[in-house]
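Data block below; observations after.
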2 protein chains.
Amino acid sequence: MTKFYQEITPGGYGIAIKQKDILFSEQSDFQKVEVFETDSDLGRVLTLDDLMMTTEGDEWHYHEMIAHIPMMNHKCPKTVLVIGGGDGGTVREVLKHETVEKVVLCEIDGMVIDVCKKFLPTISCELDNPKCEILVEDAIEYIKDKKNMFDIVLIDSTDPMGPGEGLFTDEFYTNVKESLKEGGIMVAQSESPFAQAESVRKMYVQLKKVFPIVSTYTSNIPTYPGGYWAWAYCSQTVKPLSYIDEERCEKITQTCKIYNKDYHLARFALPNYLKELL
Amino acid sequence: MTKFYQEITPGGYGIAIKQKDILFSEQSDFQKVEVFETDSDLGRVLTLDDLMMTTEGDEWHYHEMIAHIPMMNHKCPKTVLVIGGGDGGTVREVLKHETVEKVVLCEIDGMVIDVCKKFLPTISCELDNPKCEILVEDAIEYIKDKKNMFDIVLIDSTDPMGPGEGLFTDEFYTNVKESLKEGGIMVAQSESPFAQAESVRKMYVQLKKVFPIVSTYTSNIPTYPGGYWAWAYCSQTVKPLSYIDEERCEKITQTCKIYNKDYHLARFALPNYLKELL
């Protein structure tokens with residue numbers, strides 16, 4: 001009989017995937033880390049505390065969107081900080097930008113990095129790039145004394161519970177703001193507008209206390225709740241869509257399954273129900 | 001123990017919903033028609049041949065998109081034909097446009113209409129509107145001698161198998177084209193770009209044989225495969241985004257959970273993988 005992996009949201013619905021072998025399952029110091037094989041187009045799946053983080057088959061929907069929207073809106077992103085993101089997908093996309101001199105990955109759980117390097121090589125493939133510095137540290141502590149250091153900070157976190165909880169506070173966002181150089185941009189994953197409306201609302205209340213510019217963009221993620229995801233775009237001075245580097249945009253589009261200029265420009269047009277929520 | 005309704009695509013993944021009572025389940029002359037209650041934010045669900053057609057909780061994602069994108073791109077849509085769409089959701093959205101004098105619903109399966117009137121009143125609520133003419137007929141036959149009659153034709157069909165199969169042929173599309181008045185627009189649901197790529201590709205090959213203008217727009221549908229859906233926009237003369245009635249747009253936006261002008265304008269920006277497919 002077929003075995004199904006099911007992930008059901010508090011709303012009573014969710015995703016089901018034909019599951020095959022569990023390749024890895026261990027409790028780290030922070031969470032349960034698991035990778036399993038599926039009998040599906042989605043390939044291998046990484047879960048943390050039994051919540052789906054990424055699949056080989058649709059990870060580009062998420063990673064292209066978290067990285068290229070802010071990166072392309074910056075005139076010359078040289079230094080980038082990725083918080084969370086131990087699977088390496090966001091680092092991989094960031095490093096497509098030739099302007100980048102250094103990307104720091106600050107992931108609290110070293111087991112996530114090791115497991116993804118071993119079992120999800122198409123996602124983690126750039127973690128050994130010499131431009132990538134990996135820190136197995138708590139980003140909440142790490143960010144406290146980093147002033148004026150990064151052009152782009154990407155918060156590629158889990159949901160606002162468990163080890164990711166402290167990444168959704170105004171104290172943390174204030175420290176991130178201060179870690180940004182002039183013209184810097186922070187983007188944070190901000191949950192499912194349809195399936196997790198209350199989480200989305202709360203997060204934006206915090207963000208608006210800290211950043212003068214807070215905007216939202218959305219895109220399809222097939223395996224996330226509601227098939228629809230939001231990211232918060234925050235900056236002190238740089239409005240979204242105020243700049244796109246045409247030449248860089250064209251080059252990177254050729255390497256992407258989703259991202260292109262028109263798709264970028266369309267991302268900030270939100271449905272009424274989400275506009276009302278924010 | 002919780003019972004789950006699961007709908008798994010050929011790709012090996014899909015949706016799971018906490019299922020409660022089955023309110024209706026019968027074989028019509030054409031298909032199995034079922035409505036069940038869920039223990040979820042999605043409310044009641046209509047399935048045809050065990051494929052989810054609509055849910056009370058997310059139906060507006062689909063119905064607003066199939067109706068308002070073409071309706072708002074027409075200067076004065078007076079006569080509208082809806083093919084399939086027996087749940088009534090598309091008719092409900094069409095009738096929000098005050099220009100409409102008559103909407104014909106041509107649905108092959110009378111049982112679908114009766115069941116939706118009884119069990120899904122928030123979706124079927126406008127089927128008794130005097131402007132709505134209901135025909136329980138095969139649209140393939142109906143359309144054959146209708147020349148120059150409609151401003152808008154909306155193909156709100158099931159997937160290209162079972163009773164819906166004949167609605168995906170170039171012969172049928174040619175008849176629809178001839179049923180359109182000058183300046184007319186046809187929109188057809190065109191499956192999931194991520195989960196049903198091959199169906200999407202085949203359909204557009206047919207459409208391009210028939211219509212000089214064939215374009216694609218997409219939006220999120222939480223309960224459909226991949227959480228992402230495409231519609232084909234076809235016309236002899238009217239390009240997409242060539243017109244939006246500002247006053248009508250503003251009025252209708254106030255009645256919608258999704259639709260607004262910016263969201264409309266953003267819908268034709270497609271991800272790379274879908275552009276390559278078409």
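Residues are referred to by chain and number: the chain letter is A, B, ... according to the order shown in the structure tokens, the number counts from 1 in that chain, and ligands are numbered separately from 1 in the order shown.
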
Quick one: which chain B residues come within 8 Å of chain A, and what is the nearest atom pair for each with the distance in Å to one decimal, counting only C-alpha atoms, rows ordered by chain and ascending number, as JSON lines?
```
{"residue": "B:Gln6", "atom": "CA", "partner": "A:Ala16", "partner_atom": "CA", "distance": 7.3}
{"residue": "B:Ile8", "atom": "CA", "partner": "A:Ala16", "partner_atom": "CA", "distance": 7.4}
{"residue": "B:Gly11", "atom": "CA", "partner": "A:Asp41", "partner_atom": "CA", "distance": 5.1}
{"residue": "B:Gly12", "atom": "CA", "partner": "A:Ser40", "partner_atom": "CA", "distance": 4.1}
{"residue": "B:Tyr13", "atom": "CA", "partner": "A:Ile17", "partner_atom": "CA", "distance": 4.2}
{"residue": "B:Gly14", "atom": "CA", "partner": "A:Ala16", "partner_atom": "CA", "distance": 5.3}
{"residue": "B:Ile15", "atom": "CA", "partner": "A:Ile15", "partner_atom": "CA", "distance": 4.7}
{"residue": "B:Ala16", "atom": "CA", "partner": "A:Gly14", "partner_atom": "CA", "distance": 5.3}
{"residue": "B:Ile17", "atom": "CA", "partner": "A:Tyr13", "partner_atom": "CA", "distance": 4.2}
{"residue": "B:Lys18", "atom": "CA", "partner": "A:Gly12", "partner_atom": "CA", "distance": 5.6}
{"residue": "B:Asp39", "atom": "CA", "partner": "A:Gly12", "partner_atom": "CA", "distance": 6.2}
{"residue": "B:Ser40", "atom": "CA", "partner": "A:Gly12", "partner_atom": "CA", "distance": 4.1}
{"residue": "B:Asp41", "atom": "CA", "partner": "A:Gly11", "partner_atom": "CA", "distance": 5.1}
{"residue": "B:Leu42", "atom": "CA", "partner": "A:Gly11", "partner_atom": "CA", "distance": 7.8}
{"residue": "B:Phe194", "atom": "CA", "partner": "A:Pro222", "partner_atom": "CA", "distance": 7.9}
{"residue": "B:Asn220", "atom": "CA", "partner": "A:Tyr228", "partner_atom": "CA", "distance": 6.4}
{"residue": "B:Ile221", "atom": "CA", "partner": "A:Gly227", "partner_atom": "CA", "distance": 7.2}
{"residue": "B:Pro222", "atom": "CA", "partner": "A:Gly226", "partner_atom": "CA", "distance": 4.2}
{"residue": "B:Thr223", "atom": "CA", "partner": "A:Gly226", "partner_atom": "CA", "distance": 7.0}
{"residue": "B:Pro225", "atom": "CA", "partner": "A:Pro222", "partner_atom": "CA", "distance": 7.8}
{"residue": "B:Gly226", "atom": "CA", "partner": "A:Pro222", "partner_atom": "CA", "distance": 4.2}
{"residue": "B:Gly227", "atom": "CA", "partner": "A:Gly227", "partner_atom": "CA", "distance": 4.0}
{"residue": "B:Tyr228", "atom": "CA", "partner": "A:Asn220", "partner_atom": "CA", "distance": 6.4}
{"residue": "B:Thr253", "atom": "CA", "partner": "A:Asn272", "partner_atom": "CA", "distance": 8.0}
{"residue": "B:Cys256", "atom": "CA", "partner": "A:Asn272", "partner_atom": "CA", "distance": 7.1}
{"residue": "B:Lys257", "atom": "CA", "partner": "A:Asn272", "partner_atom": "CA", "distance": 5.2}
{"residue": "B:Ile258", "atom": "CA", "partner": "A:Pro271", "partner_atom": "CA", "distance": 4.2}
{"residue": "B:Tyr259", "atom": "CA", "partner": "A:Pro271", "partner_atom": "CA", "distance": 6.2}
{"residue": "B:Asn260", "atom": "CA", "partner": "A:Asn272", "partner_atom": "CA", "distance": 6.9}
{"residue": "B:Asp262", "atom": "CA", "partner": "A:Ala269", "partner_atom": "CA", "distance": 5.4}
{"residue": "B:Tyr263", "atom": "CA", "partner": "A:Ala269", "partner_atom": "CA", "distance": 5.0}
{"residue": "B:Leu265", "atom": "CA", "partner": "A:Ala266", "partner_atom": "CA", "distance": 7.8}
{"residue": "B:Ala266", "atom": "CA", "partner": "A:Ala266", "partner_atom": "CA", "distance": 4.6}
{"residue": "B:Arg267", "atom": "CA", "partner": "A:Ala266", "partner_atom": "CA", "distance": 7.4}
{"residue": "B:Ala269", "atom": "CA", "partner": "A:Tyr263", "partner_atom": "CA", "distance": 5.0}
{"residue": "B:Leu270", "atom": "CA", "partner": "A:Tyr263", "partner_atom": "CA", "distance": 5.9}
{"residue": "B:Pro271", "atom": "CA", "partner": "A:Ile258", "partner_atom": "CA", "distance": 4.2}
{"residue": "B:Asn272", "atom": "CA", "partner": "A:Ile258", "partner_atom": "CA", "distance": 4.8}
{"residue": "B:Tyr273", "atom": "CA", "partner": "A:Lys257", "partner_atom": "CA", "distance": 5.2}
```

Go ahead and save the picked residues with N, CA and C atoms, as a tab-separated table (two decimals), in the first residue's frame.
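Okay, part.tsv is ready:
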```tsv
chain	number	residue	atom	x	y	z
B	6	GLN	N	-8.05	12.73	-0.18
B	6	GLN	CA	-6.78	13.01	-0.87
B	6	GLN	C	-7.01	13.04	-2.37
B	8	ILE	N	-4.46	13.07	-5.52
B	8	ILE	CA	-3.06	12.98	-5.89
B	8	ILE	C	-2.92	13.08	-7.41
B	11	GLY	N	1.80	13.27	-10.84
B	11	GLY	CA	3.14	13.60	-10.34
B	11	GLY	C	3.43	13.07	-8.95
B	12	GLY	N	2.42	12.45	-8.29
B	12	GLY	CA	2.67	11.79	-7.02
B	12	GLY	C	2.46	12.64	-5.78
B	13	TYR	N	1.88	13.81	-5.93
B	13	TYR	CA	1.58	14.66	-4.78
B	13	TYR	C	0.24	15.34	-5.02
B	14	GLY	N	-0.29	15.97	-3.99
B	14	GLY	CA	-1.58	16.61	-4.15
B	14	GLY	C	-2.10	17.13	-2.84
B	15	ILE	N	-3.42	17.30	-2.76
B	15	ILE	CA	-4.02	17.92	-1.59
B	15	ILE	C	-4.65	16.87	-0.68
B	16	ALA	N	-4.64	17.17	0.62
B	16	ALA	CA	-5.34	16.35	1.60
B	16	ALA	C	-6.22	17.28	2.44
B	17	ILE	N	-7.45	16.87	2.69
B	17	ILE	CA	-8.38	17.70	3.48
B	17	ILE	C	-9.08	16.81	4.50
B	18	LYS	N	-9.24	17.35	5.71
B	18	LYS	CA	-9.99	16.62	6.73
B	18	LYS	C	-11.45	16.52	6.29
B	39	ASP	N	-13.77	19.28	7.68
B	39	ASP	CA	-13.42	19.86	8.98
B	39	ASP	C	-12.22	20.79	8.72
B	40	SER	N	-12.48	21.82	7.93
B	40	SER	CA	-11.39	22.69	7.46
B	40	SER	C	-11.93	24.06	7.10
B	41	ASP	N	-11.00	24.99	6.88
B	41	ASP	CA	-11.38	26.34	6.43
B	41	ASP	C	-11.98	26.33	5.03
B	42	LEU	N	-11.90	25.20	4.35
B	42	LEU	CA	-12.37	25.15	2.96
B	42	LEU	C	-13.87	24.91	2.86
B	194	PHE	N	2.43	23.93	-13.52
B	194	PHE	CA	3.47	23.16	-12.82
B	194	PHE	C	3.15	21.68	-12.81
B	220	ASN	N	-2.97	32.21	-8.29
B	220	ASN	CA	-2.95	31.18	-7.24
B	220	ASN	C	-4.35	30.59	-7.04
B	221	ILE	N	-4.44	29.25	-6.99
B	221	ILE	CA	-5.65	28.57	-6.53
B	221	ILE	C	-5.20	27.59	-5.46
B	222	PRO	N	-5.47	27.87	-4.18
B	222	PRO	CA	-4.93	27.03	-3.11
B	222	PRO	C	-5.21	25.54	-3.24
B	223	THR	N	-6.39	25.15	-3.75
B	223	THR	CA	-6.76	23.74	-3.73
B	223	THR	C	-6.53	23.01	-5.06
B	225	PRO	N	-3.99	21.54	-8.22
B	225	PRO	CA	-2.64	20.98	-8.25
B	225	PRO	C	-1.56	22.04	-8.47
B	226	GLY	N	-0.59	22.04	-7.56
B	226	GLY	CA	0.50	23.01	-7.65
B	226	GLY	C	0.16	24.37	-7.08
B	227	GLY	N	-1.11	24.57	-6.70
B	227	GLY	CA	-1.52	25.86	-6.14
B	227	GLY	C	-1.48	26.99	-7.16
B	228	TYR	N	-1.46	26.64	-8.43
B	228	TYR	CA	-1.17	27.63	-9.47
B	228	TYR	C	-1.94	27.22	-10.72
B	253	THR	N	-13.92	45.86	-8.00
B	253	THR	CA	-12.85	45.59	-7.02
B	253	THR	C	-13.43	45.57	-5.61
B	256	CYS	N	-14.74	42.22	-4.58
B	256	CYS	CA	-13.87	41.05	-4.80
B	256	CYS	C	-12.87	40.83	-3.67
B	257	LYS	N	-12.48	39.59	-3.49
B	257	LYS	CA	-11.45	39.25	-2.50
B	257	LYS	C	-10.05	39.24	-3.12
B	258	ILE	N	-10.00	39.11	-4.43
B	258	ILE	CA	-8.73	39.03	-5.14
B	258	ILE	C	-8.59	40.21	-6.11
B	259	TYR	N	-9.54	40.33	-7.00
B	259	TYR	CA	-9.41	41.19	-8.18
B	259	TYR	C	-9.23	42.66	-7.85
B	260	ASN	N	-8.22	43.27	-8.45
B	260	ASN	CA	-8.08	44.73	-8.51
B	260	ASN	C	-7.26	45.05	-9.75
B	262	ASP	N	-4.30	46.55	-10.34
B	262	ASP	CA	-2.88	46.18	-10.35
B	262	ASP	C	-2.70	44.67	-10.48
B	263	TYR	N	-3.56	43.95	-9.77
B	263	TYR	CA	-3.47	42.48	-9.83
B	263	TYR	C	-3.78	41.99	-11.25
B	265	LEU	N	-3.30	43.71	-14.08
B	265	LEU	CA	-2.18	44.06	-14.96
B	265	LEU	C	-0.99	43.11	-14.78
B	266	ALA	N	-0.86	42.55	-13.58
B	266	ALA	CA	0.29	41.68	-13.27
B	266	ALA	C	0.09	40.24	-13.74
B	267	ARG	N	-1.11	39.87	-14.14
B	267	ARG	CA	-1.42	38.45	-14.37
B	267	ARG	C	-0.77	37.84	-15.61
B	269	ALA	N	2.32	38.34	-16.64
B	269	ALA	CA	3.76	38.15	-16.46
B	269	ALA	C	4.00	36.71	-16.01
B	270	LEU	N	4.62	35.92	-16.86
B	270	LEU	CA	4.72	34.47	-16.61
B	270	LEU	C	6.13	34.06	-16.20
B	271	PRO	N	6.24	33.00	-15.40
B	271	PRO	CA	7.56	32.46	-15.09
B	271	PRO	C	8.21	31.84	-16.33
B	272	ASN	N	9.54	31.78	-16.31
B	272	ASN	CA	10.26	31.26	-17.49
B	272	ASN	C	9.80	29.89	-17.93
B	273	TYR	N	9.58	28.99	-16.97
B	273	TYR	CA	9.27	27.61	-17.37
B	273	TYR	C	7.94	27.52	-18.11
```

With DSSP run on the backbone, what are the alpha helix (DSSP H) residues within region 98-160 of chain A? I'd like them as a PyMOL selection string. chain A and resi 110-119+121-124+139-142

Determine, counting only C-alpha atoms, which protein, DNA and RNA residues have an atom within 8 Å of an atom of region 196-206 of chain B; residues of the same chain fewer than 5 positions away are not included. Present the result as a list in words.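 Here the qualifying residues turn out to be Pro160, Phe168, Thr169, Asp170, Ser190, Glu191, Val214, Ala232, Leu277 and Leu278 of chain B.
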
Residue selection dump (N, CA and C atoms) as an mmCIF file, in the first residue's frame:
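Okay, this is what ended up in selection03.cif:
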```cif
data_model
loop_
_atom_site.group_PDB
_atom_site.id
_atom_site.type_symbol
_atom_site.label_atom_id
_atom_site.label_comp_id
_atom_site.auth_asym_id
_atom_site.auth_seq_id
_atom_site.Cartn_x
_atom_site.Cartn_y
_atom_site.Cartn_z
ATOM 1 N N PRO B 160 -9.307 17.881 -19.431
ATOM 2 C CA PRO B 160 -9.501 17.285 -20.759
ATOM 3 C C PRO B 160 -9.611 15.766 -20.744
ATOM 4 N N PHE B 168 -11.710 20.600 -25.754
ATOM 5 C CA PHE B 168 -10.288 20.936 -25.932
ATOM 6 C C PHE B 168 -9.829 20.620 -27.370
ATOM 7 N N THR B 169 -10.738 20.777 -28.346
ATOM 8 C CA THR B 169 -10.378 20.466 -29.737
ATOM 9 C C THR B 169 -10.407 21.728 -30.604
ATOM 10 N N ASP B 170 -9.673 21.714 -31.712
ATOM 11 C CA ASP B 170 -9.681 22.923 -32.548
ATOM 12 C C ASP B 170 -11.027 23.123 -33.247
ATOM 13 N N SER B 190 -7.083 26.602 -18.300
ATOM 14 C CA SER B 190 -6.074 25.822 -19.049
ATOM 15 C C SER B 190 -5.098 25.079 -18.133
ATOM 16 N N GLU B 191 -5.631 24.520 -17.042
ATOM 17 C CA GLU B 191 -4.872 23.558 -16.240
ATOM 18 C C GLU B 191 -3.705 24.186 -15.459
ATOM 19 N N VAL B 214 -3.539 34.670 -28.817
ATOM 20 C CA VAL B 214 -3.626 33.678 -27.745
ATOM 21 C C VAL B 214 -2.621 34.081 -26.674
ATOM 22 N N ALA B 232 -6.384 30.547 -20.651
ATOM 23 C CA ALA B 232 -6.049 30.994 -21.997
ATOM 24 C C ALA B 232 -6.957 32.154 -22.376
ATOM 25 N N LEU B 277 7.176 26.549 -22.140
ATOM 26 C CA LEU B 277 6.190 25.507 -22.430
ATOM 27 C C LEU B 277 5.240 25.913 -23.546
ATOM 28 N N LEU B 278 4.940 27.219 -23.631
ATOM 29 C CA LEU B 278 3.870 27.666 -24.539
ATOM 30 C C LEU B 278 4.393 27.867 -25.951
#
```

I need the residues of region 15-245 of chain B that end up classed as strand (DSSP E) by DSSP on the backbone, written out as a PyMOL selection string. chain B and resi 15-27+32-38+45-48+51-55+79-84+102-107+132-136+150-156+180-189+213-220+228-235

State, in Å with one decimal place, the distance from CA of Ile134 (chain A) to CA of Glu107 (chain A). 7.7 Å

Separating CA of Ser192 (chain A) from CA of Gln31 (chain A), to the nearest tenth of an Å, is a gap of 21.8 Å

Considering only C-alpha atoms, state which residue in the set B:His63, B:Lys118, B:Lys208, B:Lys181 is at the smallest distance from Val80 (chain B).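 Nearest to Val80 (chain B): B:Lys181.
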
What's the separation between CA of Asp138 (chain B) and CA of Gly110 (chain B), in Å to one decimal place? 10.7 Å

For region 54-56 of chain B, list every protein, DNA or RNA residue within 12 Å, evaluated using only C-alpha atoms, and leave out those in the same chain fewer than 3 positions away; present the list as a short mmCIF file (atom, residue, chain, number, x, y, z; two decimals) with C-alpha atoms, in the first residue's frame.
```
data_model
loop_
_atom_site.label_atom_id
_atom_site.label_comp_id
_atom_site.auth_asym_id
_atom_site.auth_seq_id
_atom_site.Cartn_x
_atom_site.Cartn_y
_atom_site.Cartn_z
CA TYR A 13 -5.96 20.91 4.68
CA ILE B 17 -8.38 17.70 3.48
CA GLU B 34 -20.25 14.43 -4.96
CA VAL B 35 -20.42 17.10 -2.29
CA PHE B 36 -18.82 16.59 1.10
CA GLU B 37 -18.41 18.59 4.27
CA THR B 38 -14.87 19.15 5.57
CA SER B 40 -11.39 22.69 7.46
CA ASP B 41 -11.38 26.34 6.43
CA LEU B 42 -12.37 25.15 2.96
CA GLY B 43 -15.95 24.35 3.93
CA ARG B 44 -17.90 22.16 1.53
CA VAL B 45 -16.25 20.61 -1.52
CA LEU B 46 -17.70 19.63 -4.92
CA THR B 47 -15.99 16.80 -6.78
CA LEU B 48 -16.75 15.42 -10.25
CA ASP B 50 -13.39 12.28 -7.75
CA LEU B 51 -11.59 15.43 -8.87
CA GLU B 59 -13.63 29.28 -4.94
CA TRP B 60 -13.25 33.06 -5.39
CA HIS B 61 -9.59 32.56 -6.42
CA TYR B 62 -10.82 30.78 -9.53
CA HIS B 63 -14.12 32.50 -10.31
CA GLY B 85 -19.50 26.14 -14.75
CA GLY B 86 -22.60 24.42 -13.34
CA ASP B 87 -21.64 25.50 -9.80
CA GLY B 88 -22.65 29.05 -10.75
CA GLY B 89 -19.53 30.83 -9.44
CA THR B 90 -18.54 32.20 -12.84
CA VAL B 112 -24.31 19.50 -11.06
CA CYS B 116 -24.82 23.19 -6.24
CA PHE B 119 -25.51 22.45 -1.15
CA LEU B 120 -23.32 25.38 -2.28
CA PRO B 121 -25.60 28.42 -2.07
CA THR B 122 -22.82 31.02 -1.71
CA ILE B 123 -21.46 29.89 -5.08
CA SER B 124 -24.70 29.21 -6.98
CA ASP B 156 -15.25 26.81 -17.25
CA SER B 157 -14.71 23.13 -17.94
CA THR B 158 -13.42 20.07 -16.18
CA ILE B 221 -5.65 28.57 -6.53
CA PRO B 222 -4.93 27.03 -3.11
CA THR B 223 -6.76 23.74 -3.73
CA TYR B 224 -5.75 23.01 -7.34
#
```
